[in-house]
$ cat final-v2.pdb   # PDB, C-alpha atoms, pLDDT in the B column
ATOM      1  CA  MET A 178       5.563 -13.806 -26.820  1.00 80.00           C
ATOM      2  CA  SER A 179       5.773 -15.596 -23.444  1.00 95.00           C
ATOM      3  CA  ILE A 180       3.193 -15.413 -20.665  1.00 95.00           C
ATOM      4  CA  LEU A 181       5.552 -13.199 -18.643  1.00 95.00           C
ATOM      5  CA  GLU A 182       6.141 -10.889 -21.586  1.00 96.00           C
ATOM      6  CA  ASP A 183       2.376 -10.629 -22.178  1.00 95.00           C
ATOM      7  CA  MET A 184       1.851  -9.701 -18.518  1.00 95.00           C
ATOM      8  CA  LEU A 185       4.623  -7.097 -18.555  1.00 95.00           C
ATOM      9  CA  SER A 186       3.223  -5.575 -21.754  1.00 95.00           C
ATOM     10  CA  ALA A 187      -0.261  -5.409 -20.223  1.00 93.00           C
ATOM     11  CA  ASN A 188       1.212  -3.827 -17.096  1.00 92.00           C
ATOM     12  CA  ALA A 189       3.025  -1.162 -19.121  1.00 94.00           C
ATOM     13  CA  GLU A 190      -0.278  -0.305 -20.846  1.00 92.00           C
ATOM     14  CA  PHE A 191      -2.102  -0.299 -17.503  1.00 87.00           C
ATOM     15  CA  CYS A 192       0.471   2.056 -15.952  1.00 85.00           C
ATOM     16  CA  ALA A 193       0.371   4.359 -18.979  1.00 89.00           C
ATOM     17  CA  HIS A 194      -3.435   4.645 -18.700  1.00 86.00           C
ATOM     18  CA  PRO A 195      -4.398   3.591 -15.158  1.00 80.00           C
ATOM     19  CA  PRO A 196      -8.034   3.515 -14.076  1.00 74.00           C
ATOM     20  CA  THR A 197      -8.639   6.616 -11.971  1.00 68.00           C
ATOM     21  CA  ASP A 198     -10.601   4.695  -9.356  1.00 66.00           C
ATOM     22  CA  TYR A 199      -7.487   2.615  -8.546  1.00 63.00           C
ATOM     23  CA  THR A 200      -4.722   5.206  -8.643  1.00 56.00           C
ATOM     24  CA  GLN A 201      -6.671   8.098  -7.159  1.00 58.00           C
ATOM     25  CA  GLU A 202      -8.441   6.131  -4.437  1.00 58.00           C
ATOM     26  CA  ASP A 203      -9.052   7.544  -0.995  1.00 59.00           C
ATOM     27  CA  LEU A 204      -5.747   7.438   0.858  1.00 58.00           C
ATOM     28  CA  LYS A 205      -7.654   6.743   4.087  1.00 57.00           C
ATOM     29  CA  LYS A 206      -8.368   3.253   2.764  1.00 61.00           C
ATOM     30  CA  SER A 207      -5.860   0.811   4.042  1.00 70.00           C
ATOM     31  CA  LYS A 208      -4.974  -2.842   3.956  1.00 82.00           C
ATOM     32  CA  LEU A 209      -7.749  -3.412   6.509  1.00 90.00           C
ATOM     33  CA  PRO A 210     -10.807  -5.042   4.914  1.00 94.00           C
ATOM     34  CA  GLN A 211     -13.630  -2.511   5.151  1.00 93.00           C
ATOM     35  CA  LYS A 212     -16.300  -5.205   5.540  1.00 95.00           C
ATOM     36  CA  GLN A 213     -14.178  -7.009   8.159  1.00 97.00           C
ATOM     37  CA  MET A 214     -14.492 -10.359   6.426  1.00 97.00           C
ATOM     38  CA  ALA A 215     -12.182 -13.015   5.086  1.00 98.00           C
ATOM     39  CA  ILE A 216     -13.247 -15.267   2.244  1.00 97.00           C
ATOM     40  CA  ILE A 217     -11.697 -18.652   1.594  1.00 98.00           C
ATOM     41  CA  THR A 218     -12.491 -19.776  -1.915  1.00 97.00           C
ATOM     42  CA  CYS A 219     -11.215 -21.887  -4.755  1.00 96.00           C
ATOM     43  CA  MET A 220      -8.534 -20.852  -7.219  1.00 95.00           C
ATOM     44  CA  ASP A 221     -10.813 -21.755 -10.163  1.00 96.00           C
ATOM     45  CA  THR A 222     -10.252 -19.271 -12.971  1.00 95.00           C
ATOM     46  CA  ARG A 223     -14.000 -18.890 -13.571  1.00 96.00           C
ATOM     47  CA  LEU A 224     -14.335 -17.089 -10.240  1.00 96.00           C
ATOM     48  CA  VAL A 225     -11.938 -14.250 -11.145  1.00 95.00           C
ATOM     49  CA  ASN A 226     -13.830 -10.947 -11.551  1.00 93.00           C
ATOM     50  CA  PHE A 227     -17.105 -12.838 -11.010  1.00 96.00           C
ATOM     51  CA  LEU A 228     -17.359 -14.047  -7.408  1.00 96.00           C
ATOM     52  CA  GLU A 229     -16.742 -10.736  -5.644  1.00 96.00           C
ATOM     53  CA  PRO A 230     -19.109  -8.668  -7.828  1.00 95.00           C
ATOM     54  CA  ALA A 231     -21.763 -11.390  -7.458  1.00 96.00           C
ATOM     55  CA  LEU A 232     -21.528 -10.848  -3.678  1.00 96.00           C
ATOM     56  CA  GLY A 233     -21.370  -7.055  -3.798  1.00 94.00           C
ATOM     57  CA  ILE A 234     -17.756  -7.009  -2.623  1.00 94.00           C
ATOM     58  CA  GLY A 235     -15.489  -4.324  -4.011  1.00 89.00           C
ATOM     59  CA  ARG A 236     -11.783  -3.565  -3.914  1.00 85.00           C
ATOM     60  CA  GLY A 237     -10.533  -3.161  -0.364  1.00 88.00           C
ATOM     61  CA  GLU A 238     -13.604  -4.656   1.296  1.00 93.00           C
ATOM     62  CA  ALA A 239     -12.537  -8.255   2.041  1.00 96.00           C
ATOM     63  CA  LYS A 240      -9.488 -10.462   2.363  1.00 96.00           C
ATOM     64  CA  VAL A 241      -9.710 -13.251  -0.223  1.00 97.00           C
ATOM     65  CA  ILE A 242      -7.684 -16.425   0.266  1.00 97.00           C
ATOM     66  CA  LYS A 243      -7.637 -18.757  -2.743  1.00 96.00           C
ATOM     67  CA  THR A 244      -6.603 -22.367  -2.619  1.00 94.00           C
ATOM     68  CA  ALA A 245      -7.358 -25.540  -4.568  1.00 93.00           C
ATOM     69  CA  GLY A 246     -10.796 -26.684  -3.472  1.00 91.00           C
ATOM     70  CA  ASN A 247     -11.122 -23.966  -0.787  1.00 92.00           C
ATOM     71  CA  GLY A 248      -9.877 -26.438   1.797  1.00 87.00           C
ATOM     72  CA  VAL A 249      -7.853 -26.470   4.971  1.00 91.00           C
ATOM     73  CA  THR A 250      -5.318 -29.257   5.436  1.00 88.00           C
ATOM     74  CA  GLY A 251      -3.914 -28.674   8.886  1.00 88.00           C
ATOM     75  CA  VAL A 252      -4.306 -26.844  12.166  1.00 92.00           C
ATOM     76  CA  PHE A 253      -1.571 -24.389  11.100  1.00 95.00           C
ATOM     77  CA  ASP A 254      -1.565 -24.653   7.298  1.00 93.00           C
ATOM     78  CA  GLY A 255      -1.216 -21.636   5.016  1.00 94.00           C
ATOM     79  CA  THR A 256      -4.930 -20.889   5.011  1.00 96.00           C
ATOM     80  CA  ILE A 257      -5.154 -20.937   8.813  1.00 97.00           C
ATOM     81  CA  ARG A 258      -2.024 -18.771   9.088  1.00 97.00           C
ATOM     82  CA  SER A 259      -3.627 -16.260   6.716  1.00 97.00           C
ATOM     83  CA  LEU A 260      -6.825 -16.287   8.793  1.00 98.00           C
ATOM     84  CA  LEU A 261      -4.822 -15.655  11.966  1.00 98.00           C
ATOM     85  CA  VAL A 262      -3.286 -12.528  10.427  1.00 97.00           C
ATOM     86  CA  CYS A 263      -6.729 -11.487   9.157  1.00 97.00           C
ATOM     87  CA  ILE A 264      -8.313 -11.837  12.599  1.00 98.00           C
ATOM     88  CA  TYR A 265      -5.557 -10.696  14.932  1.00 98.00           C
ATOM     89  CA  GLU A 266      -3.878  -8.026  12.779  1.00 96.00           C
ATOM     90  CA  LEU A 267      -6.425  -6.826  10.220  1.00 96.00           C
ATOM     91  CA  GLY A 268      -9.726  -6.712  12.112  1.00 96.00           C
ATOM     92  CA  VAL A 269     -11.594  -9.542  10.397  1.00 98.00           C
ATOM     93  CA  LYS A 270     -14.730 -10.449  12.328  1.00 98.00           C
ATOM     94  CA  GLU A 271     -16.313 -13.088  10.041  1.00 98.00           C
ATOM     95  CA  ILE A 272     -15.050 -15.901   7.821  1.00 98.00           C
ATOM     96  CA  ILE A 273     -16.868 -17.110   4.730  1.00 98.00           C
ATOM     97  CA  VAL A 274     -15.912 -20.383   3.038  1.00 97.00           C
ATOM     98  CA  ILE A 275     -17.126 -20.395  -0.561  1.00 97.00           C
ATOM     99  CA  GLY A 276     -17.023 -23.546  -2.621  1.00 97.00           C
ATOM    100  CA  HIS A 277     -18.437 -23.858  -6.093  1.00 97.00           C
ATOM    101  CA  HIS A 278     -20.319 -26.269  -8.286  1.00 96.00           C
ATOM    102  CA  GLU A 279     -18.323 -28.074 -10.990  1.00 95.00           C
ATOM    103  CA  CYS A 280     -15.114 -27.930  -8.922  1.00 94.00           C
ATOM    104  CA  GLY A 281     -12.210 -29.764 -10.529  1.00 93.00           C
ATOM    105  CA  MET A 282     -11.005 -30.988  -7.142  1.00 93.00           C
ATOM    106  CA  ALA A 283     -14.009 -33.343  -7.056  1.00 93.00           C
ATOM    107  CA  HIS A 284     -12.271 -35.362  -9.787  1.00 93.00           C
ATOM    108  CA  THR A 285      -8.703 -35.013  -8.543  1.00 94.00           C
ATOM    109  CA  THR A 286      -7.078 -38.034  -6.900  1.00 95.00           C
ATOM    110  CA  SER A 287      -3.790 -38.566  -5.163  1.00 95.00           C
ATOM    111  CA  GLU A 288      -3.083 -41.404  -7.588  1.00 97.00           C
ATOM    112  CA  GLY A 289      -3.547 -39.113 -10.590  1.00 96.00           C
ATOM    113  CA  LEU A 290      -1.424 -36.375  -9.052  1.00 97.00           C
ATOM    114  CA  ILE A 291       1.347 -38.823  -8.172  1.00 97.00           C
ATOM    115  CA  LYS A 292       1.331 -40.247 -11.696  1.00 97.00           C
ATOM    116  CA  SER A 293       1.622 -36.746 -13.171  1.00 97.00           C
ATOM    117  CA  MET A 294       4.371 -35.779 -10.728  1.00 97.00           C
ATOM    118  CA  LEU A 295       6.408 -38.866 -11.618  1.00 97.00           C
ATOM    119  CA  GLU A 296       5.954 -38.129 -15.336  1.00 98.00           C
ATOM    120  CA  ARG A 297       7.298 -34.607 -14.724  1.00 98.00           C
ATOM    121  CA  GLY A 298      10.402 -35.906 -12.972  1.00 98.00           C
ATOM    122  CA  ILE A 299       9.485 -35.566  -9.306  1.00 98.00           C
ATOM    123  CA  SER A 300      11.324 -38.219  -7.340  1.00 97.00           C
ATOM    124  CA  GLN A 301       9.582 -41.096  -5.602  1.00 97.00           C
ATOM    125  CA  GLU A 302      11.353 -39.999  -2.383  1.00 97.00           C
ATOM    126  CA  ALA A 303       9.854 -36.497  -2.586  1.00 97.00           C
ATOM    127  CA  ILE A 304       6.395 -37.920  -3.194  1.00 97.00           C
ATOM    128  CA  HIS A 305       6.806 -40.331  -0.301  1.00 97.00           C
ATOM    129  CA  MET A 306       7.393 -37.340   2.004  1.00 96.00           C
ATOM    130  CA  VAL A 307       3.905 -35.948   1.271  1.00 95.00           C
ATOM    131  CA  LYS A 308       1.982 -39.077   0.214  1.00 94.00           C
ATOM    132  CA  LYS A 309      -0.097 -39.401   3.401  1.00 93.00           C
ATOM    133  CA  GLU A 310      -1.087 -35.728   3.402  1.00 91.00           C
ATOM    134  CA  LEU A 311      -1.672 -35.837  -0.365  1.00 92.00           C
ATOM    135  CA  LYS A 312      -4.096 -38.756   0.030  1.00 92.00           C
ATOM    136  CA  GLU A 313      -5.949 -37.062   2.905  1.00 88.00           C
ATOM    137  CA  TRP A 314      -6.269 -33.862   0.895  1.00 89.00           C
ATOM    138  CA  ALA A 315      -7.007 -35.028  -2.668  1.00 92.00           C
ATOM    139  CA  ASP A 316      -8.904 -38.240  -1.990  1.00 92.00           C
ATOM    140  CA  GLU A 317     -11.303 -36.767   0.567  1.00 87.00           C
ATOM    141  CA  PHE A 318     -12.782 -34.129  -1.751  1.00 89.00           C
ATOM    142  CA  HIS A 319     -15.681 -35.594  -3.733  1.00 88.00           C
ATOM    143  CA  HIS A 320     -18.607 -33.214  -3.256  1.00 94.00           C
ATOM    144  CA  PRO A 321     -18.173 -29.417  -3.191  1.00 96.00           C
ATOM    145  CA  GLU A 322     -21.009 -28.807  -0.699  1.00 96.00           C
ATOM    146  CA  GLN A 323     -19.710 -31.413   1.727  1.00 95.00           C
ATOM    147  CA  ASN A 324     -16.221 -29.957   1.383  1.00 95.00           C
ATOM    148  CA  VAL A 325     -17.609 -26.548   2.381  1.00 97.00           C
ATOM    149  CA  ARG A 326     -19.273 -28.104   5.459  1.00 97.00           C
ATOM    150  CA  ASP A 327     -16.058 -29.925   6.377  1.00 95.00           C
ATOM    151  CA  THR A 328     -13.925 -26.800   5.955  1.00 96.00           C
ATOM    152  CA  VAL A 329     -16.336 -24.680   8.021  1.00 97.00           C
ATOM    153  CA  GLU A 330     -16.280 -27.276  10.809  1.00 97.00           C
ATOM    154  CA  TYR A 331     -12.500 -27.583  10.672  1.00 95.00           C
ATOM    155  CA  ILE A 332     -12.115 -23.814  11.043  1.00 97.00           C
ATOM    156  CA  ARG A 333     -14.745 -23.601  13.810  1.00 97.00           C
ATOM    157  CA  LEU A 334     -12.992 -26.342  15.786  1.00 97.00           C
ATOM    158  CA  ASN A 335      -9.512 -24.878  15.292  1.00 97.00           C
ATOM    159  CA  PRO A 336      -8.251 -23.830  18.744  1.00 97.00           C
ATOM    160  CA  LEU A 337      -6.487 -20.794  17.232  1.00 97.00           C
ATOM    161  CA  ILE A 338      -9.691 -19.271  15.810  1.00 98.00           C
ATOM    162  CA  PRO A 339     -11.766 -17.341  18.383  1.00 98.00           C
ATOM    163  CA  THR A 340     -15.225 -18.779  19.012  1.00 96.00           C
ATOM    164  CA  ASP A 341     -16.825 -15.339  18.538  1.00 97.00           C
ATOM    165  CA  VAL A 342     -15.864 -15.317  14.837  1.00 98.00           C
ATOM    166  CA  PRO A 343     -18.794 -16.673  12.783  1.00 98.00           C
ATOM    167  CA  VAL A 344     -17.752 -19.086  10.038  1.00 98.00           C
ATOM    168  CA  HIS A 345     -20.214 -19.345   7.153  1.00 97.00           C
ATOM    169  CA  GLY A 346     -20.295 -21.762   4.242  1.00 97.00           C
ATOM    170  CA  LEU A 347     -21.603 -20.872   0.789  1.00 96.00           C
ATOM    171  CA  ILE A 348     -21.710 -22.602  -2.582  1.00 97.00           C
ATOM    172  CA  PHE A 349     -21.361 -20.582  -5.798  1.00 96.00           C
ATOM    173  CA  HIS A 350     -22.387 -21.472  -9.322  1.00 96.00           C
ATOM    174  CA  PRO A 351     -19.575 -20.476 -11.719  1.00 96.00           C
ATOM    175  CA  ARG A 352     -21.886 -20.008 -14.693  1.00 94.00           C
ATOM    176  CA  THR A 353     -24.869 -18.210 -13.116  1.00 96.00           C
ATOM    177  CA  GLY A 354     -23.341 -16.427 -10.132  1.00 96.00           C
ATOM    178  CA  LYS A 355     -26.008 -17.828  -7.790  1.00 96.00           C
ATOM    179  CA  ILE A 356     -25.020 -18.318  -4.139  1.00 96.00           C
ATOM    180  CA  ASP A 357     -26.628 -20.784  -1.748  1.00 96.00           C
ATOM    181  CA  VAL A 358     -26.030 -20.943   1.999  1.00 96.00           C
ATOM    182  CA  VAL A 359     -24.616 -24.283   3.130  1.00 97.00           C
ATOM    183  CA  GLU A 360     -23.729 -23.241   6.703  1.00 97.00           C
ATOM    184  CA  ASN A 361     -24.980 -20.155   8.521  1.00 97.00           C
ATOM    185  CA  GLY A 362     -22.335 -19.295  11.111  1.00 97.00           C
ATOM    186  CA  TYR A 363     -24.538 -17.124  13.295  1.00 95.00           C
ATOM    187  CA  GLY A 364     -25.500 -18.832  16.529  1.00 79.00           C
ATOM    188  CA  LYS A 365     -23.091 -21.753  16.087  1.00 69.00           C
TER     189      LYS A 365
END

$ encode --input "final-v2.pdb" --output "structure tokens"
Amino acid sequence: MSILEDMLSANAEFCAHPPTDYTQEDLKKSKLPQKQMAIITCMDTRLVNFLEPALGIGRGEAKVIKTAGNGVTGVFDGTIRSLLVCIYELGVKEIIVIGHHECGMAHTTSEGLIKSMLERGISQEAIHMVKKELKEWADEFHHPEQNVRDTVEYIRLNPLIPTDVPVHGLIFHPRTGKIDVVENGYGK
């Protein structure tokens, strides 16, 4: 059975016996995050169904944006665009950047990615189009805590993000669930 077929089978079972707390939820709840926060975190699979409960965040309480290495690559990249919608359309009042220990991005390099892309048939011309940005993104990430600090600063300095929105930085341990504060956004 393929991955897609497995997912569709699981969905059929889910729909046949849905959890009451999801299907019978309060209709007053909306797409607006109840805790008025947006979280930028890594796409690491170990964080799924672990990070939010470890922080006391439930369904409907926060907007969660996942990206490789919880980073921001440009003044108007996908993460920033998502934050703009969160702030200006959905009532988000605080941003939390959450990195994690043992992040795979700390060992990722542009050279390794390029080699793998070439092996998979991506053309040299296509790689050339993104090579500079690829190097800036992949080769700058070496330490998860420093990446959190850099991302927090990048968001704080972004001219599209209001200065009254605190931006915090946290680091999460994917085996213990422990959170440490790297940057406290209050008073910055």

$ closest_residue --input "final-v2.pdb" --among "A:Pro321, A:Ala187, A:Ala215, A:Glu271" --to "A:Phe349" --atoms "all atoms listed in the file"
A:Pro321

$ closest_residue --input "final-v2.pdb" --among "A:Leu334, A:Leu228, A:Leu290, A:Ile216" --to "A:Thr244" --atoms "only C-alpha atoms"
A:Ile216

$ closest_residue --input "final-v2.pdb" --among "A:His345, A:His320, A:Arg326, A:His305" --to "A:Glu279" --atoms "only C-alpha atoms"
A:His320

$ closest_residue --input "final-v2.pdb" --among "A:Ile275, A:Leu311, A:Glu182, A:Val359" --to "A:Leu232" --atoms "only C-alpha atoms"
A:Ile275

$ resolve_selection --input "final-v2.pdb" --expression "the PyMOL selection byres ((chain A and resi 343) around 6)" --output "PDB file with C-alpha atoms, keeping the file's coordinate frame"
ATOM      1  CA  GLU A 271     -16.313 -13.088  10.041  1.00 98.00           C
ATOM      2  CA  VAL A 342     -15.864 -15.317  14.837  1.00 98.00           C
ATOM      3  CA  VAL A 344     -17.752 -19.086  10.038  1.00 98.00           C
ATOM      4  CA  GLY A 362     -22.335 -19.295  11.111  1.00 97.00           C
ATOM      5  CA  TYR A 363     -24.538 -17.124  13.295  1.00 95.00           C
TER       6      TYR A 363
END

$ atom_distance --input "final-v2.pdb" --atom1 "atom CA of A:Leu347" --atom2 "atom CA of A:Gly289"
28.1 Å

$ closest_residue --input "final-v2.pdb" --among "A:Val329, A:Ile273, A:Cys219, A:Leu209" --to "A:Arg236" --atoms "all atoms listed in the file"
A:Leu209

$ residues_around --input "final-v2.pdb" --residues "A:Ile338" --least-positions-apart "3" --cutoff "12 Å" --atoms "all atoms listed in the file" --output "list of chain:residue names"
A:Val252, A:Phe253, A:Thr256, A:Ile257, A:Arg258, A:Ser259, A:Leu260, A:Leu261, A:Val262, A:Cys263, A:Ile264, A:Tyr265, A:Val269, A:Lys270, A:Glu271, A:Ile272, A:Val329, A:Glu330, A:Tyr331, A:Ile332, A:Arg333, A:Leu334, A:Asn335, A:Asp341, A:Val342, A:Pro343, A:Val344

$ residues_near_point --input "final-v2.pdb" --point "(-27.5, -16.6, -7.0)" --cutoff "12 Å" --atoms "all atoms listed in the file" --output "list in words"
Phe227, Leu228, Pro230, Ala231, Leu232, Gly233, His277, Leu347, Ile348, Phe349, His350, Pro351, Arg352, Thr353, Gly354, Lys355, Ile356, Asp357 and Val358 of chain A

$ write_last_selection --input "final-v2.pdb" --atoms "C-alpha atoms" --output "PDB file, in the frame of the given file"
ATOM      1  CA  PHE A 227     -17.105 -12.838 -11.010  1.00 96.00           C
ATOM      2  CA  LEU A 228     -17.359 -14.047  -7.408  1.00 96.00           C
ATOM      3  CA  PRO A 230     -19.109  -8.668  -7.828  1.00 95.00           C
ATOM      4  CA  ALA A 231     -21.763 -11.390  -7.458  1.00 96.00           C
ATOM      5  CA  LEU A 232     -21.528 -10.848  -3.678  1.00 96.00           C
ATOM      6  CA  GLY A 233     -21.370  -7.055  -3.798  1.00 94.00           C
ATOM      7  CA  HIS A 277     -18.437 -23.858  -6.093  1.00 97.00           C
ATOM      8  CA  LEU A 347     -21.603 -20.872   0.789  1.00 96.00           C
ATOM      9  CA  ILE A 348     -21.710 -22.602  -2.582  1.00 97.00           C
ATOM     10  CA  PHE A 349     -21.361 -20.582  -5.798  1.00 96.00           C
ATOM     11  CA  HIS A 350     -22.387 -21.472  -9.322  1.00 96.00           C
ATOM     12  CA  PRO A 351     -19.575 -20.476 -11.719  1.00 96.00           C
ATOM     13  CA  ARG A 352     -21.886 -20.008 -14.693  1.00 94.00           C
ATOM     14  CA  THR A 353     -24.869 -18.210 -13.116  1.00 96.00           C
ATOM     15  CA  GLY A 354     -23.341 -16.427 -10.132  1.00 96.00           C
ATOM     16  CA  LYS A 355     -26.008 -17.828  -7.790  1.00 96.00           C
ATOM     17  CA  ILE A 356     -25.020 -18.318  -4.139  1.00 96.00           C
ATOM     18  CA  ASP A 357     -26.628 -20.784  -1.748  1.00 96.00           C
ATOM     19  CA  VAL A 358     -26.030 -20.943   1.999  1.00 96.00           C
TER      20      VAL A 358
END

$ closest_residue --input "final-v2.pdb" --among "A:Asn324, A:Leu267, A:Lys312, A:Ser300" --to "A:Glu288" --atoms "all atoms listed in the file"
A:Lys312

$ atom_distance --input "final-v2.pdb" --atom1 "atom CA of A:Gly276" --atom2 "atom CA of A:Thr328"
9.7 Å

$ atom_distance --input "final-v2.pdb" --atom1 "atom CA of A:Thr340" --atom2 "atom CA of A:Gly364"
10.6 Å

$ axis_aligned_box --input "final-v2.pdb" --around "stretch 243-253 of chain A" --padding-each-side "3 Å" --output "lines of an AutoDock Vina configuration file"
center_x = -6.3
center_y = -24.0
center_z = 3.8
size_x = 15.6
size_y = 16.5
size_z = 22.7
